[in-house]
Amino acid sequence: MELNRYRIGNDVPLKWTITRGDEPEDLTIVASVRVFVVCPMWECEVPYIIGGADNNEVTVLFKGKEQKYCGPYWLRLEENRGEDNMNTIESRAAFELRPVT
């Protein structure tokens with residue numbers, strides 16, 4: 001899969017549809033959801049909005065001022081991080097940050 005490329009320092013808009021077993025995952029009934037933008041050296045928790053007809057669409061704006069490293073990035077959605085019943089609901093390759101040249 002070809003990743004979208006952005007220059008580091010630019011805001012990166014992301015929209016992500018979450019399914020479990022090929023069915024929409026209603027994120028409004030999940031106890032404690034957190035979204036992370038992750039690269040091999042670092043991770044950043046980001047604010048998000050839940051939407052879509054089935055409440056399974058996550059919208060994120062990864063702001064340029066938060067970015068630290070060039071390279072590939074993933075999105076990771078976790079439930080109950082650091083608590084009992086922790087669950088990584090979904091993880092996927094998302095985009096690539098390139099140097100400003």
# chains A, B, ... in the order shown; residues from 1 in each chain; ligands from 1
$ residues_around --residues "A:Ile18" --least-positions-apart "5" --cutoff "9 Å" --atoms "only C-alpha atoms" --output "MDAnalysis selection string"
chainID A and resid 23:27 56:58 89:90
$ write_last_selection --atoms "N, CA, C and O atoms" --output "mmCIF file, in the first residue's frame"
data_model
loop_
_atom_site.group_PDB
_atom_site.id
_atom_site.type_symbol
_atom_site.label_atom_id
_atom_site.label_comp_id
_atom_site.auth_asym_id
_atom_site.auth_seq_id
_atom_site.Cartn_x
_atom_site.Cartn_y
_atom_site.Cartn_z
ATOM 1 N N GLU A 23 -17.377 -5.892 10.726
ATOM 2 C CA GLU A 23 -18.557 -5.134 11.148
ATOM 3 C C GLU A 23 -18.102 -3.789 11.725
ATOM 4 O O GLU A 23 -17.060 -3.708 12.366
ATOM 5 N N PRO A 24 -18.881 -2.719 11.536
ATOM 6 C CA PRO A 24 -18.521 -1.423 12.125
ATOM 7 C C PRO A 24 -18.384 -1.528 13.644
ATOM 8 O O PRO A 24 -19.201 -2.167 14.296
ATOM 9 N N GLU A 25 -17.339 -0.930 14.183
ATOM 10 C CA GLU A 25 -17.110 -0.912 15.630
ATOM 11 C C GLU A 25 -17.670 0.393 16.183
ATOM 12 O O GLU A 25 -17.139 1.468 15.896
ATOM 13 N N ASP A 26 -18.741 0.326 16.974
ATOM 14 C CA ASP A 26 -19.350 1.518 17.557
ATOM 15 C C ASP A 26 -18.446 2.026 18.680
ATOM 16 O O ASP A 26 -18.428 1.469 19.777
ATOM 17 N N LEU A 27 -17.710 3.080 18.404
ATOM 18 C CA LEU A 27 -16.734 3.594 19.370
ATOM 19 C C LEU A 27 -17.367 4.371 20.513
ATOM 20 O O LEU A 27 -16.710 4.675 21.493
ATOM 21 N N ASN A 56 -18.185 4.763 13.849
ATOM 22 C CA ASN A 56 -16.943 4.008 13.752
ATOM 23 C C ASN A 56 -15.888 4.727 12.915
ATOM 24 O O ASN A 56 -14.930 4.129 12.466
ATOM 25 N N GLU A 57 -16.059 6.025 12.741
ATOM 26 C CA GLU A 57 -15.110 6.814 11.975
ATOM 27 C C GLU A 57 -14.352 7.743 12.918
ATOM 28 O O GLU A 57 -14.968 8.480 13.691
ATOM 29 N N VAL A 58 -13.040 7.684 12.861
ATOM 30 C CA VAL A 58 -12.180 8.514 13.704
ATOM 31 C C VAL A 58 -11.524 9.567 12.817
ATOM 32 O O VAL A 58 -10.917 9.227 11.801
ATOM 33 N N ILE A 89 -7.506 -1.930 19.667
ATOM 34 C CA ILE A 89 -8.642 -2.189 18.790
ATOM 35 C C ILE A 89 -8.189 -2.273 17.337
ATOM 36 O O ILE A 89 -8.609 -3.135 16.587
ATOM 37 N N GLU A 90 -7.294 -1.380 16.948
ATOM 38 C CA GLU A 90 -6.873 -1.336 15.551
ATOM 39 C C GLU A 90 -5.529 -0.634 15.456
ATOM 40 O O GLU A 90 -5.213 0.252 16.237
#
$ residues_around --residues "A:Asn4" --least-positions-apart "2" --cutoff "7 Å" --atoms "only C-alpha atoms" --output "PyMOL selection string"
chain A and resi 2+6+95-96
$ closest_residue --among "A:Glu83, A:Asp11, A:Glu43, A:Asp54" --to "A:Thr28" --atoms "only C-alpha atoms"
A:Asp54
$ closest_residue --among "A:Ile50, A:Leu75, A:Cys70, A:Ala31" --to "A:Pro99" --atoms "only C-alpha atoms"
A:Cys70
$ residues_around --residues "A:Val60" --least-positions-apart "5" --cutoff "9 Å" --atoms "only C-alpha atoms" --output "PyMOL selection string"
chain A and resi 12-16+35+46-49
$ atom_distance --atom1 "atom CA of A:Leu61" --atom2 "atom CA of A:Ala93"
15.7 Å
$ residues_around --residues "A:Arg98" --least-positions-apart "4" --cutoff "9 Å" --atoms "only C-alpha atoms" --output "list in words"
Arg5, Tyr6, Arg7, Ile8, Tyr69, Cys70, Gly71 and Pro72 of chain A
$ write_last_selection --atoms "N, CA and C atoms" --output "PDB file, in the first residue's frame"
ATOM      1  N   ARG A   5       2.288  11.061   1.446  1.00  0.00           N
ATOM      2  CA  ARG A   5       3.491  11.722   1.952  1.00  0.00           C
ATOM      3  C   ARG A   5       3.196  13.192   2.220  1.00  0.00           C
ATOM      4  N   TYR A   6       3.723  13.665   3.347  1.00  0.00           N
ATOM      5  CA  TYR A   6       3.561  15.063   3.751  1.00  0.00           C
ATOM      6  C   TYR A   6       4.923  15.592   4.184  1.00  0.00           C
ATOM      7  N   ARG A   7       5.143  16.876   3.979  1.00  0.00           N
ATOM      8  CA  ARG A   7       6.367  17.491   4.495  1.00  0.00           C
ATOM      9  C   ARG A   7       6.217  17.686   5.994  1.00  0.00           C
ATOM     10  N   ILE A   8       7.266  17.370   6.724  1.00  0.00           N
ATOM     11  CA  ILE A   8       7.242  17.539   8.173  1.00  0.00           C
ATOM     12  C   ILE A   8       6.956  19.001   8.496  1.00  0.00           C
ATOM     13  N   TYR A  69       9.847  13.546  13.804  1.00  0.00           N
ATOM     14  CA  TYR A  69      10.705  12.690  12.993  1.00  0.00           C
ATOM     15  C   TYR A  69      10.117  12.463  11.609  1.00  0.00           C
ATOM     16  N   CYS A  70      10.997  12.320  10.618  1.00  0.00           N
ATOM     17  CA  CYS A  70      10.590  11.921   9.282  1.00  0.00           C
ATOM     18  C   CYS A  70      10.488  10.398   9.235  1.00  0.00           C
ATOM     19  N   GLY A  71       9.718   9.898   8.281  1.00  0.00           N
ATOM     20  CA  GLY A  71       9.590   8.461   8.091  1.00  0.00           C
ATOM     21  C   GLY A  71       8.141   8.019   8.140  1.00  0.00           C
ATOM     22  N   PRO A  72       7.936   6.680   8.142  1.00  0.00           N
ATOM     23  CA  PRO A  72       6.570   6.146   8.147  1.00  0.00           C
ATOM     24  C   PRO A  72       5.916   6.270   9.518  1.00  0.00           C
TER      25      PRO A  72
END
$ atom_distance --atom1 "atom CA of A:Trp74" --atom2 "atom CA of A:Val100"
20.4 Å
$ select_by_dssp --residues "chain A" --states "strand (DSSP E or B)" --output "ChimeraX atom specification"
/A:4-7,12-17,19-20,23-24,33-39,42-46,48-51,57-62,71-79,87-98
$ atom_distance --atom1 "atom CA of A:Tyr73" --atom2 "atom CA of A:Val38"
5.4 Å
$ residues_around --residues "stretch 32-34 of chain A" --least-positions-apart "5" --cutoff "7 Å" --atoms "only C-alpha atoms" --output "tab-separated table (two decimals) with C-alpha atoms, in the first residue's frame"
chain	number	residue	atom	x	y	z
A	77	LEU	CA	-6.47	2.96	18.62
A	78	GLU	CA	-6.43	1.57	22.17
A	79	GLU	CA	-9.09	0.83	24.75
A	80	ASN	CA	-8.32	1.05	28.49
$ select_by_dssp --residues "chain A" --states "helix (DSSP H, G or I)" --output "MDAnalysis selection string"
chainID A and resid 27:29 64:66
$ closest_residue --among "A:Thr101, A:Arg92, A:Glu45, A:Leu3" --to "A:Glu66" --atoms "only C-alpha atoms"
A:Glu45
